[in-house]
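Novice: my_file.txt is the file, holding compact mmCIF, N, CA and C atoms:
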```
# COMPACT_ATOMS: atom_id res chain seq x y z
N MET A 364 83.22 81.48 25.63
CA MET A 364 83.23 82.90 25.33
C MET A 364 82.13 83.62 26.11
N SER A 365 80.95 83.02 26.27
CA SER A 365 79.87 83.74 26.93
C SER A 365 79.72 83.28 28.37
N ASN A 366 79.40 84.24 29.19
CA ASN A 366 79.13 83.97 30.59
C ASN A 366 77.63 84.14 30.77
N LYS A 367 76.92 83.08 31.10
CA LYS A 367 75.46 83.11 31.18
C LYS A 367 74.94 84.19 32.13
N LYS A 368 75.69 84.49 33.19
CA LYS A 368 75.24 85.48 34.18
C LYS A 368 74.98 86.84 33.56
N ASP A 369 75.85 87.27 32.66
CA ASP A 369 75.71 88.63 32.14
C ASP A 369 74.98 88.69 30.79
N THR A 370 74.44 87.57 30.33
CA THR A 370 73.66 87.57 29.10
C THR A 370 72.23 87.99 29.43
N GLU A 371 71.78 89.07 28.81
CA GLU A 371 70.45 89.59 29.08
C GLU A 371 69.40 88.99 28.16
N ASN A 372 69.80 88.60 26.98
CA ASN A 372 68.89 87.95 26.04
C ASN A 372 69.72 87.15 25.06
N GLU A 373 69.12 86.10 24.52
CA GLU A 373 69.87 85.19 23.65
C GLU A 373 68.93 84.54 22.64
N MET A 374 69.47 84.28 21.46
CA MET A 374 68.74 83.47 20.47
C MET A 374 69.73 82.60 19.72
N VAL A 375 69.25 81.46 19.28
CA VAL A 375 70.06 80.54 18.48
C VAL A 375 69.19 80.08 17.31
N ILE A 376 69.74 80.16 16.12
CA ILE A 376 69.03 79.71 14.92
C ILE A 376 69.97 78.78 14.17
N GLU A 377 69.44 77.69 13.66
CA GLU A 377 70.22 76.80 12.80
C GLU A 377 69.49 76.69 11.47
N PHE A 378 70.23 76.86 10.39
CA PHE A 378 69.60 76.85 9.07
C PHE A 378 70.54 76.21 8.05
N ASP A 379 69.97 75.82 6.92
CA ASP A 379 70.76 75.24 5.84
C ASP A 379 71.71 76.30 5.27
N GLY A 380 72.94 75.89 5.02
CA GLY A 380 73.94 76.78 4.44
C GLY A 380 73.70 76.98 2.96
N ARG A 381 72.64 77.70 2.65
CA ARG A 381 72.28 78.04 1.27
C ARG A 381 72.32 79.56 1.13
N PRO A 382 72.78 80.05 -0.01
CA PRO A 382 72.80 81.51 -0.20
C PRO A 382 71.43 82.15 0.03
N SER A 383 70.36 81.45 -0.27
CA SER A 383 69.01 82.01 -0.09
C SER A 383 68.67 82.26 1.37
N ASN A 384 69.38 81.63 2.30
CA ASN A 384 69.10 81.83 3.73
C ASN A 384 69.90 82.98 4.34
N GLU A 385 70.81 83.56 3.58
CA GLU A 385 71.61 84.67 4.10
C GLU A 385 70.71 85.86 4.46
N GLY A 386 69.76 86.19 3.60
CA GLY A 386 68.84 87.30 3.86
C GLY A 386 68.00 87.05 5.09
N PHE A 387 67.54 85.81 5.27
CA PHE A 387 66.77 85.44 6.46
C PHE A 387 67.58 85.69 7.72
N ALA A 388 68.83 85.27 7.71
CA ALA A 388 69.69 85.44 8.88
C ALA A 388 69.92 86.92 9.18
N ARG A 389 70.12 87.71 8.14
CA ARG A 389 70.34 89.15 8.32
C ARG A 389 69.13 89.81 8.98
N VAL A 390 67.93 89.46 8.51
CA VAL A 390 66.71 90.05 9.06
C VAL A 390 66.49 89.59 10.50
N ALA A 391 66.75 88.31 10.77
CA ALA A 391 66.57 87.78 12.13
C ALA A 391 67.48 88.50 13.13
N VAL A 392 68.74 88.67 12.76
CA VAL A 392 69.68 89.34 13.66
C VAL A 392 69.32 90.82 13.80
N ALA A 393 68.94 91.47 12.71
CA ALA A 393 68.55 92.88 12.78
C ALA A 393 67.35 93.04 13.71
N ALA A 394 66.37 92.15 13.60
CA ALA A 394 65.19 92.22 14.47
C ALA A 394 65.59 91.99 15.93
N PHE A 395 66.47 91.04 16.17
CA PHE A 395 66.91 90.74 17.53
C PHE A 395 67.62 91.95 18.15
N CYS A 396 68.40 92.65 17.35
CA CYS A 396 69.18 93.79 17.83
C CYS A 396 68.33 95.02 18.15
N THR A 397 67.10 95.07 17.65
CA THR A 397 66.28 96.28 17.83
C THR A 397 66.06 96.63 19.29
N GLN A 398 66.15 95.64 20.18
CA GLN A 398 65.95 95.93 21.61
C GLN A 398 67.02 96.87 22.17
N LEU A 399 68.15 97.00 21.46
CA LEU A 399 69.20 97.93 21.88
C LEU A 399 69.03 99.31 21.23
N ASN A 400 67.98 99.45 20.40
CA ASN A 400 67.69 100.70 19.71
C ASN A 400 68.89 101.19 18.88
N PRO A 401 69.40 100.35 17.99
CA PRO A 401 70.55 100.75 17.17
C PRO A 401 70.15 101.75 16.08
N THR A 402 71.14 102.49 15.61
CA THR A 402 70.91 103.37 14.46
C THR A 402 70.83 102.50 13.20
N LEU A 403 70.32 103.09 12.13
CA LEU A 403 70.27 102.36 10.85
C LEU A 403 71.68 101.96 10.40
N GLU A 404 72.65 102.84 10.66
CA GLU A 404 74.04 102.54 10.29
C GLU A 404 74.57 101.35 11.08
N GLU A 405 74.26 101.30 12.37
CA GLU A 405 74.72 100.16 13.19
C GLU A 405 74.09 98.86 12.71
N VAL A 406 72.81 98.90 12.35
CA VAL A 406 72.14 97.70 11.83
C VAL A 406 72.78 97.28 10.50
N ALA A 407 73.06 98.25 9.64
CA ALA A 407 73.69 97.95 8.35
C ALA A 407 75.08 97.34 8.55
N ASP A 408 75.84 97.85 9.51
CA ASP A 408 77.17 97.29 9.82
C ASP A 408 77.06 95.83 10.23
N ILE A 409 76.14 95.55 11.14
CA ILE A 409 75.94 94.18 11.63
C ILE A 409 75.54 93.26 10.49
N LYS A 410 74.60 93.71 9.67
CA LYS A 410 74.12 92.88 8.56
C LYS A 410 75.23 92.60 7.55
N THR A 411 76.07 93.60 7.30
CA THR A 411 77.18 93.41 6.35
C THR A 411 78.18 92.39 6.88
N ALA A 412 78.58 92.54 8.14
CA ALA A 412 79.53 91.60 8.74
C ALA A 412 78.95 90.18 8.78
N LEU A 413 77.68 90.09 9.14
CA LEU A 413 77.01 88.79 9.20
C LEU A 413 76.98 88.12 7.83
N SER A 414 76.68 88.89 6.80
CA SER A 414 76.66 88.35 5.43
C SER A 414 78.01 87.76 5.05
N GLU A 415 79.07 88.46 5.40
CA GLU A 415 80.42 87.97 5.08
C GLU A 415 80.70 86.65 5.80
N ALA A 416 80.34 86.56 7.07
CA ALA A 416 80.59 85.34 7.85
C ALA A 416 79.78 84.16 7.29
N ILE A 417 78.53 84.41 6.95
CA ILE A 417 77.68 83.33 6.42
C ILE A 417 78.16 82.90 5.04
N THR A 418 78.52 83.87 4.20
CA THR A 418 79.03 83.54 2.87
C THR A 418 80.31 82.71 2.97
N ASN A 419 81.21 83.08 3.90
CA ASN A 419 82.43 82.28 4.10
C ASN A 419 82.09 80.85 4.48
N ALA A 420 81.12 80.67 5.38
CA ALA A 420 80.74 79.32 5.80
C ALA A 420 80.21 78.50 4.62
N ILE A 421 79.38 79.12 3.80
CA ILE A 421 78.78 78.42 2.66
C ILE A 421 79.83 78.07 1.62
N ILE A 422 80.61 79.08 1.21
CA ILE A 422 81.55 78.90 0.10
C ILE A 422 82.81 78.16 0.50
N HIS A 423 83.40 78.56 1.61
CA HIS A 423 84.68 77.97 2.00
C HIS A 423 84.51 76.79 2.95
N GLY A 424 83.64 76.93 3.93
CA GLY A 424 83.46 75.86 4.91
C GLY A 424 82.83 74.62 4.33
N TYR A 425 81.80 74.82 3.51
CA TYR A 425 81.05 73.67 2.99
C TYR A 425 81.29 73.40 1.51
N GLU A 426 82.16 74.20 0.90
CA GLU A 426 82.53 73.96 -0.51
C GLU A 426 81.30 73.76 -1.41
N GLY A 427 80.24 74.50 -1.14
CA GLY A 427 79.05 74.43 -1.99
C GLY A 427 78.07 73.33 -1.61
N GLU A 428 78.43 72.44 -0.69
CA GLU A 428 77.48 71.44 -0.20
C GLU A 428 76.57 72.11 0.82
N VAL A 429 75.39 71.52 1.04
CA VAL A 429 74.45 72.11 1.99
C VAL A 429 74.54 71.38 3.33
N HIS A 430 74.99 72.11 4.33
CA HIS A 430 75.05 71.62 5.71
C HIS A 430 74.55 72.75 6.61
N LYS A 431 74.41 72.49 7.88
CA LYS A 431 73.84 73.48 8.80
C LYS A 431 74.84 74.57 9.20
N ILE A 432 74.31 75.77 9.36
CA ILE A 432 75.04 76.89 9.94
C ILE A 432 74.29 77.26 11.21
N ARG A 433 75.04 77.45 12.27
CA ARG A 433 74.45 77.82 13.57
C ARG A 433 74.77 79.28 13.84
N LEU A 434 73.73 80.04 14.12
CA LEU A 434 73.84 81.47 14.38
C LEU A 434 73.43 81.71 15.83
N GLU A 435 74.35 82.25 16.63
CA GLU A 435 74.09 82.51 18.04
C GLU A 435 74.21 84.01 18.28
N CYS A 436 73.23 84.59 18.96
CA CYS A 436 73.25 86.02 19.27
C CYS A 436 72.96 86.21 20.75
N GLN A 437 73.72 87.10 21.36
CA GLN A 437 73.50 87.45 22.76
C GLN A 437 73.56 88.96 22.91
N ILE A 438 72.71 89.46 23.78
CA ILE A 438 72.76 90.87 24.18
C ILE A 438 73.37 90.89 25.57
N LYS A 439 74.45 91.66 25.71
CA LYS A 439 75.10 91.85 27.01
C LYS A 439 75.34 93.34 27.18
N GLY A 440 74.62 93.96 28.07
CA GLY A 440 74.75 95.41 28.24
C GLY A 440 74.40 96.12 26.95
N GLU A 441 75.32 96.93 26.45
CA GLU A 441 75.09 97.70 25.22
C GLU A 441 75.68 96.99 23.99
N ALA A 442 76.07 95.73 24.15
CA ALA A 442 76.73 95.03 23.05
C ALA A 442 75.91 93.84 22.55
N VAL A 443 76.02 93.61 21.26
CA VAL A 443 75.46 92.39 20.68
C VAL A 443 76.65 91.50 20.29
N HIS A 444 76.57 90.25 20.68
CA HIS A 444 77.59 89.26 20.37
C HIS A 444 76.98 88.27 19.39
N ILE A 445 77.65 88.05 18.27
CA ILE A 445 77.15 87.16 17.23
C ILE A 445 78.21 86.12 16.92
N THR A 446 77.80 84.86 16.88
CA THR A 446 78.70 83.79 16.47
C THR A 446 78.07 83.04 15.30
N VAL A 447 78.85 82.86 14.25
CA VAL A 447 78.45 82.05 13.09
C VAL A 447 79.34 80.81 13.09
N ARG A 448 78.71 79.63 13.21
CA ARG A 448 79.45 78.37 13.28
C ARG A 448 79.11 77.46 12.12
N ASP A 449 80.16 76.85 11.56
CA ASP A 449 79.95 75.77 10.60
C ASP A 449 80.77 74.57 11.06
N THR A 450 80.45 73.42 10.50
CA THR A 450 81.20 72.19 10.83
C THR A 450 81.93 71.70 9.58
N GLY A 451 82.36 72.65 8.78
CA GLY A 451 82.97 72.34 7.49
C GLY A 451 84.45 72.07 7.53
N THR A 452 85.13 72.47 6.45
CA THR A 452 86.53 72.12 6.22
C THR A 452 87.50 72.74 7.22
N GLY A 453 87.11 73.88 7.80
CA GLY A 453 88.00 74.56 8.74
C GLY A 453 89.08 75.34 8.03
N ILE A 454 89.84 76.09 8.81
CA ILE A 454 90.91 76.95 8.28
C ILE A 454 92.22 76.52 8.92
N ALA A 455 93.20 76.19 8.09
CA ALA A 455 94.50 75.74 8.60
C ALA A 455 95.27 76.89 9.25
N ASP A 456 95.25 78.07 8.62
CA ASP A 456 96.01 79.21 9.11
C ASP A 456 95.08 80.42 9.19
N VAL A 457 94.46 80.61 10.35
CA VAL A 457 93.49 81.69 10.53
C VAL A 457 94.13 83.05 10.28
N GLU A 458 95.32 83.26 10.82
CA GLU A 458 96.00 84.55 10.66
C GLU A 458 96.17 84.89 9.18
N LYS A 459 96.60 83.92 8.38
CA LYS A 459 96.78 84.13 6.94
C LYS A 459 95.43 84.38 6.26
N ALA A 460 94.42 83.62 6.66
CA ALA A 460 93.09 83.76 6.05
C ALA A 460 92.49 85.14 6.31
N MET A 461 92.89 85.77 7.41
CA MET A 461 92.34 87.08 7.76
C MET A 461 93.08 88.24 7.10
N GLN A 462 94.13 87.95 6.34
CA GLN A 462 94.88 89.00 5.65
C GLN A 462 94.06 89.53 4.47
N PRO A 463 94.12 90.84 4.24
CA PRO A 463 93.41 91.42 3.09
C PRO A 463 93.86 90.77 1.78
N MET A 464 92.92 90.52 0.92
CA MET A 464 93.12 89.97 -0.43
C MET A 464 93.44 88.48 -0.45
N TYR A 465 93.55 87.83 0.71
CA TYR A 465 93.82 86.39 0.71
C TYR A 465 92.53 85.64 0.41
N THR A 466 92.56 84.79 -0.59
CA THR A 466 91.40 83.95 -0.90
C THR A 466 91.86 82.58 -1.37
N THR A 467 91.09 81.58 -1.05
CA THR A 467 91.37 80.23 -1.53
C THR A 467 90.52 79.92 -2.76
N LYS A 468 89.70 80.91 -3.19
CA LYS A 468 88.81 80.69 -4.33
C LYS A 468 88.91 81.82 -5.36
N PRO A 469 90.11 82.09 -5.88
CA PRO A 469 90.23 83.20 -6.85
C PRO A 469 89.42 82.93 -8.12
N GLU A 470 89.22 81.66 -8.44
CA GLU A 470 88.47 81.31 -9.65
C GLU A 470 86.99 81.69 -9.54
N MET A 471 86.53 81.94 -8.32
CA MET A 471 85.12 82.33 -8.11
C MET A 471 85.00 83.84 -7.94
N ASP A 472 86.05 84.57 -8.29
CA ASP A 472 86.07 86.03 -8.12
C ASP A 472 85.84 86.43 -6.67
N ARG A 473 86.38 85.65 -5.73
CA ARG A 473 86.31 86.01 -4.32
C ARG A 473 87.37 87.07 -4.05
N SER A 474 87.01 88.13 -3.38
CA SER A 474 87.93 89.26 -3.20
C SER A 474 88.95 89.05 -2.09
N GLY A 475 88.66 88.12 -1.18
CA GLY A 475 89.56 87.94 -0.05
C GLY A 475 89.44 89.04 0.98
N MET A 476 88.28 89.70 1.00
CA MET A 476 88.09 90.84 1.91
C MET A 476 87.03 90.57 2.98
N GLY A 477 86.52 89.35 3.07
CA GLY A 477 85.45 89.03 4.02
C GLY A 477 85.80 89.37 5.46
N PHE A 478 86.94 88.86 5.94
CA PHE A 478 87.33 89.14 7.32
C PHE A 478 87.66 90.62 7.52
N VAL A 479 88.22 91.26 6.50
CA VAL A 479 88.53 92.69 6.58
C VAL A 479 87.24 93.49 6.78
N PHE A 480 86.20 93.13 6.01
CA PHE A 480 84.91 93.81 6.17
C PHE A 480 84.33 93.57 7.56
N MET A 481 84.40 92.31 8.02
CA MET A 481 83.89 92.01 9.37
C MET A 481 84.58 92.88 10.41
N GLU A 482 85.91 92.97 10.31
CA GLU A 482 86.66 93.77 11.28
C GLU A 482 86.36 95.26 11.15
N ALA A 483 86.07 95.73 9.94
CA ALA A 483 85.77 97.14 9.72
C ALA A 483 84.41 97.53 10.31
N PHE A 484 83.44 96.62 10.24
CA PHE A 484 82.07 96.95 10.65
C PHE A 484 81.73 96.56 12.08
N MET A 485 82.54 95.71 12.69
CA MET A 485 82.28 95.26 14.06
C MET A 485 83.38 95.79 14.98
N ASP A 486 83.12 95.80 16.29
CA ASP A 486 84.11 96.27 17.25
C ASP A 486 85.14 95.20 17.58
N GLN A 487 84.77 93.95 17.41
CA GLN A 487 85.67 92.85 17.73
C GLN A 487 85.33 91.66 16.85
N VAL A 488 86.35 90.99 16.32
CA VAL A 488 86.16 89.76 15.53
C VAL A 488 87.23 88.76 15.97
N GLN A 489 86.78 87.56 16.32
CA GLN A 489 87.69 86.47 16.66
C GLN A 489 87.28 85.25 15.85
N VAL A 490 88.27 84.53 15.36
CA VAL A 490 87.99 83.34 14.56
C VAL A 490 88.66 82.13 15.21
N GLU A 491 87.86 81.10 15.44
CA GLU A 491 88.37 79.82 15.94
C GLU A 491 88.14 78.79 14.84
N SER A 492 89.17 78.05 14.49
CA SER A 492 89.01 77.08 13.43
C SER A 492 90.11 76.02 13.50
N ALA A 493 89.79 74.86 12.98
CA ALA A 493 90.77 73.78 12.84
C ALA A 493 90.38 72.97 11.61
N PRO A 494 91.38 72.54 10.82
CA PRO A 494 91.06 71.75 9.64
C PRO A 494 90.20 70.54 9.98
N GLY A 495 89.12 70.37 9.22
CA GLY A 495 88.22 69.24 9.39
C GLY A 495 87.25 69.38 10.55
N GLN A 496 87.35 70.48 11.30
CA GLN A 496 86.48 70.64 12.47
C GLN A 496 85.56 71.85 12.38
N GLY A 497 85.64 72.60 11.32
CA GLY A 497 84.76 73.74 11.17
C GLY A 497 85.35 75.03 11.70
N THR A 498 84.52 76.07 11.65
CA THR A 498 84.95 77.42 12.01
C THR A 498 83.86 78.11 12.82
N ALA A 499 84.29 78.89 13.79
CA ALA A 499 83.38 79.77 14.53
C ALA A 499 83.91 81.19 14.42
N VAL A 500 83.07 82.09 13.93
CA VAL A 500 83.42 83.50 13.83
C VAL A 500 82.63 84.23 14.90
N HIS A 501 83.34 84.81 15.87
CA HIS A 501 82.72 85.55 16.98
C HIS A 501 82.87 87.04 16.69
N MET A 502 81.74 87.75 16.69
CA MET A 502 81.76 89.18 16.42
C MET A 502 81.02 89.93 17.53
N LYS A 503 81.50 91.13 17.82
CA LYS A 503 80.87 91.95 18.85
C LYS A 503 80.68 93.36 18.30
N LYS A 504 79.51 93.92 18.56
CA LYS A 504 79.23 95.30 18.15
C LYS A 504 78.63 96.03 19.35
N ILE A 505 79.26 97.13 19.74
CA ILE A 505 78.73 97.95 20.83
C ILE A 505 77.79 98.98 20.20
N ILE A 506 76.58 99.02 20.71
CA ILE A 506 75.55 99.91 20.16
C ILE A 506 75.54 101.23 20.94
N GLY A 507 75.47 102.33 20.20
CA GLY A 507 75.35 103.64 20.82
C GLY A 507 76.67 104.29 21.18
N ARG A 508 77.72 103.90 20.45
CA ARG A 508 79.06 104.49 20.72
C ARG A 508 79.10 105.94 20.34
```
Since I need it in another form, could you write the structure as structure tokens?
Specialist:
Amino acid sequence: MSNKKDTENEMVIEFDGRPSNEGFARVAVAAFCTQLNPTLEEVADIKTALSEAITNAIIHGYEGEVHKIRLECQIKGEAVHITVRDTGTGIADVEKAMQPMYTTKPEMDRSGMGFVFMEAFMDQVQVESAPGQGTAVHMKKIIGR
């Protein structure tokens, strides 16, 4: 997905897939994005989408077990590219999983709106996944639109 030539800055963080680390990831990405001078609304959008991706990895990817989540961020021109990767259960049908209200955890009061929120707050969202191989959620936000 990324071409090293046009990447102006990059960071990679790996952390335990625990709900307590979601806030850390949000702050790290927000701080990284400041070099593009985003508005408060743009930062809030990024943080919201990121929270949804991380929560999906923890709850659905790892089924409550603690494993690593890899967070990759790149600045390319006026855009920030964010990838959240897990090595968990994976998604059999990505298209179905991205439908509004679809959830595999209704007993946990999951709304099934995670991907919908990501798509609403980011300019681009792509999901790569395979059962037993984990999931990568690629998101792009253009700053200063």
Novice: Show me the residues close to (88.4, 90.0, 7.5) - anything with an atom within 12 Å, counting only C-alpha atoms - and format the list as a tab-separated table (two decimals) with N, CA and C atoms, keeping the file's coordinate frame.
Specialist:
```tsv
chain	number	residue	atom	x	y	z
A	411	THR	N	76.07	93.60	7.30
A	411	THR	CA	77.18	93.41	6.35
A	411	THR	C	78.18	92.39	6.88
A	412	ALA	N	78.58	92.54	8.14
A	412	ALA	CA	79.53	91.60	8.74
A	412	ALA	C	78.95	90.18	8.78
A	413	LEU	N	77.68	90.09	9.14
A	413	LEU	CA	77.01	88.79	9.20
A	413	LEU	C	76.98	88.12	7.83
A	415	GLU	N	79.07	88.46	5.40
A	415	GLU	CA	80.42	87.97	5.08
A	415	GLU	C	80.70	86.65	5.80
A	416	ALA	N	80.34	86.56	7.07
A	416	ALA	CA	80.59	85.34	7.85
A	416	ALA	C	79.78	84.16	7.29
A	419	ASN	N	81.21	83.08	3.90
A	419	ASN	CA	82.43	82.28	4.10
A	419	ASN	C	82.09	80.85	4.48
A	457	VAL	N	94.46	80.61	10.35
A	457	VAL	CA	93.49	81.69	10.53
A	457	VAL	C	94.13	83.05	10.28
A	458	GLU	N	95.32	83.26	10.82
A	458	GLU	CA	96.00	84.55	10.66
A	458	GLU	C	96.17	84.89	9.18
A	459	LYS	N	96.60	83.92	8.38
A	459	LYS	CA	96.78	84.13	6.94
A	459	LYS	C	95.43	84.38	6.26
A	460	ALA	N	94.42	83.62	6.66
A	460	ALA	CA	93.09	83.76	6.05
A	460	ALA	C	92.49	85.14	6.31
A	461	MET	N	92.89	85.77	7.41
A	461	MET	CA	92.34	87.08	7.76
A	461	MET	C	93.08	88.24	7.10
A	462	GLN	N	94.13	87.95	6.34
A	462	GLN	CA	94.88	89.00	5.65
A	462	GLN	C	94.06	89.53	4.47
A	463	PRO	N	94.12	90.84	4.24
A	463	PRO	CA	93.41	91.42	3.09
A	463	PRO	C	93.86	90.77	1.78
A	464	MET	N	92.92	90.52	0.92
A	464	MET	CA	93.12	89.97	-0.43
A	464	MET	C	93.44	88.48	-0.45
A	465	TYR	N	93.55	87.83	0.71
A	465	TYR	CA	93.82	86.39	0.71
A	465	TYR	C	92.53	85.64	0.41
A	466	THR	N	92.56	84.79	-0.59
A	466	THR	CA	91.40	83.95	-0.90
A	466	THR	C	91.86	82.58	-1.37
A	474	SER	N	87.01	88.13	-3.38
A	474	SER	CA	87.93	89.26	-3.20
A	474	SER	C	88.95	89.05	-2.09
A	475	GLY	N	88.66	88.12	-1.18
A	475	GLY	CA	89.56	87.94	-0.05
A	475	GLY	C	89.44	89.04	0.98
A	476	MET	N	88.28	89.70	1.00
A	476	MET	CA	88.09	90.84	1.91
A	476	MET	C	87.03	90.57	2.98
A	477	GLY	N	86.52	89.35	3.07
A	477	GLY	CA	85.45	89.03	4.02
A	477	GLY	C	85.80	89.37	5.46
A	478	PHE	N	86.94	88.86	5.94
A	478	PHE	CA	87.33	89.14	7.32
A	478	PHE	C	87.66	90.62	7.52
A	479	VAL	N	88.22	91.26	6.50
A	479	VAL	CA	88.53	92.69	6.58
A	479	VAL	C	87.24	93.49	6.78
A	480	PHE	N	86.20	93.13	6.01
A	480	PHE	CA	84.91	93.81	6.17
A	480	PHE	C	84.33	93.57	7.56
A	481	MET	N	84.40	92.31	8.02
A	481	MET	CA	83.89	92.01	9.37
A	481	MET	C	84.58	92.88	10.41
A	482	GLU	N	85.91	92.97	10.31
A	482	GLU	CA	86.66	93.77	11.28
A	482	GLU	C	86.36	95.26	11.15
A	483	ALA	N	86.07	95.73	9.94
A	483	ALA	CA	85.77	97.14	9.72
A	483	ALA	C	84.41	97.53	10.31
A	484	PHE	N	83.44	96.62	10.24
A	484	PHE	CA	82.07	96.95	10.65
A	484	PHE	C	81.73	96.56	12.08
A	485	MET	N	82.54	95.71	12.69
A	485	MET	CA	82.28	95.26	14.06
A	485	MET	C	83.38	95.79	14.98
A	487	GLN	N	84.77	93.95	17.41
A	487	GLN	CA	85.67	92.85	17.73
A	487	GLN	C	85.33	91.66	16.85
A	488	VAL	N	86.35	90.99	16.32
A	488	VAL	CA	86.16	89.76	15.53
A	488	VAL	C	87.23	88.76	15.97
A	489	GLN	N	86.78	87.56	16.32
A	489	GLN	CA	87.69	86.47	16.66
A	489	GLN	C	87.28	85.25	15.85
A	490	VAL	N	88.27	84.53	15.36
A	490	VAL	CA	87.99	83.34	14.56
A	490	VAL	C	88.66	82.13	15.21
A	500	VAL	N	83.07	82.09	13.93
A	500	VAL	CA	83.42	83.50	13.83
A	500	VAL	C	82.63	84.23	14.90
A	501	HIS	N	83.34	84.81	15.87
A	501	HIS	CA	82.72	85.55	16.98
A	501	HIS	C	82.87	87.04	16.69
A	502	MET	N	81.74	87.75	16.69
A	502	MET	CA	81.76	89.18	16.42
A	502	MET	C	81.02	89.93	17.53
```
Novice: Could you give me, as a list in words, the residues within 8 Å of Gln496 (chain A), counting only C-alpha atoms and dropping anything in the same chain fewer than 4 positions from it?
Specialist: Thr450, Gly451, Thr452, Gly453 and Ser492 of chain A
Novice: Given 8 Å on each side, where is the centre and what are the edge lengths in Å to one decimal of the axis-aligned box enclosing the listed atoms of region 429-437 of chain A, as AutoDock Vina command-line options?
Specialist:
```
--center_x 74.2 --center_y 80.2 --center_z 12.0 --size_x 18.4 --size_y 33.6 --size_z 37.9
```
Novice: Can you list, as a PyMOL selection string, every protein, DNA or RNA residue that comes within 9 Å of Pro382 (chain A) when you count only C-alpha atoms, leaving out same-chain residues fewer than 6 positions away?
Specialist: chain A and resi 417-418+421
Novice: Neighbouring residues of region 426-432 of chain A were defined as those with any atom within 5 Å, considering all atoms listed in the file; residues of the same chain fewer than 4 positions away were excluded. Please report them as a ChimeraX atom specification.
Specialist: /A:377-380,421-422,448
Novice: Can you tell me how far atom N of Arg381 (chain A) sits from CA of Glu404 (chain A), in Å to one decimal?
Specialist: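 One can read the atom N of Arg381 (chain A) to CA of Glu404 (chain A) distance as 26.0 Å.
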Novice: Please report the interatomic distance between atom N of Gly495 (chain A) and atom N of Leu434 (chain A) in Å with one decimal.
Specialist: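 If I compute the distance from atom N of Gly495 (chain A) to atom N of Leu434 (chain A), I get 18.8 Å.
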Novice: Which value, in Å to one decimal, gives the distance between CA of His423 (chain A) and CA of Glu385 (chain A)?
Specialist: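 Computed distance, CA of His423 (chain A) to CA of Glu385 (chain A), equals 14.8 Å.
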Novice: Of the candidates A:Ile445, A:Cys436, A:Val392, A:Ala420, which one gets nearest to Thr498 (chain A) if we count only C-alpha atoms?
Specialist: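 Among A:Ile445, A:Cys436, A:Val392, A:Ala420, it is A:Ala420 that comes nearest to Thr498 (chain A).
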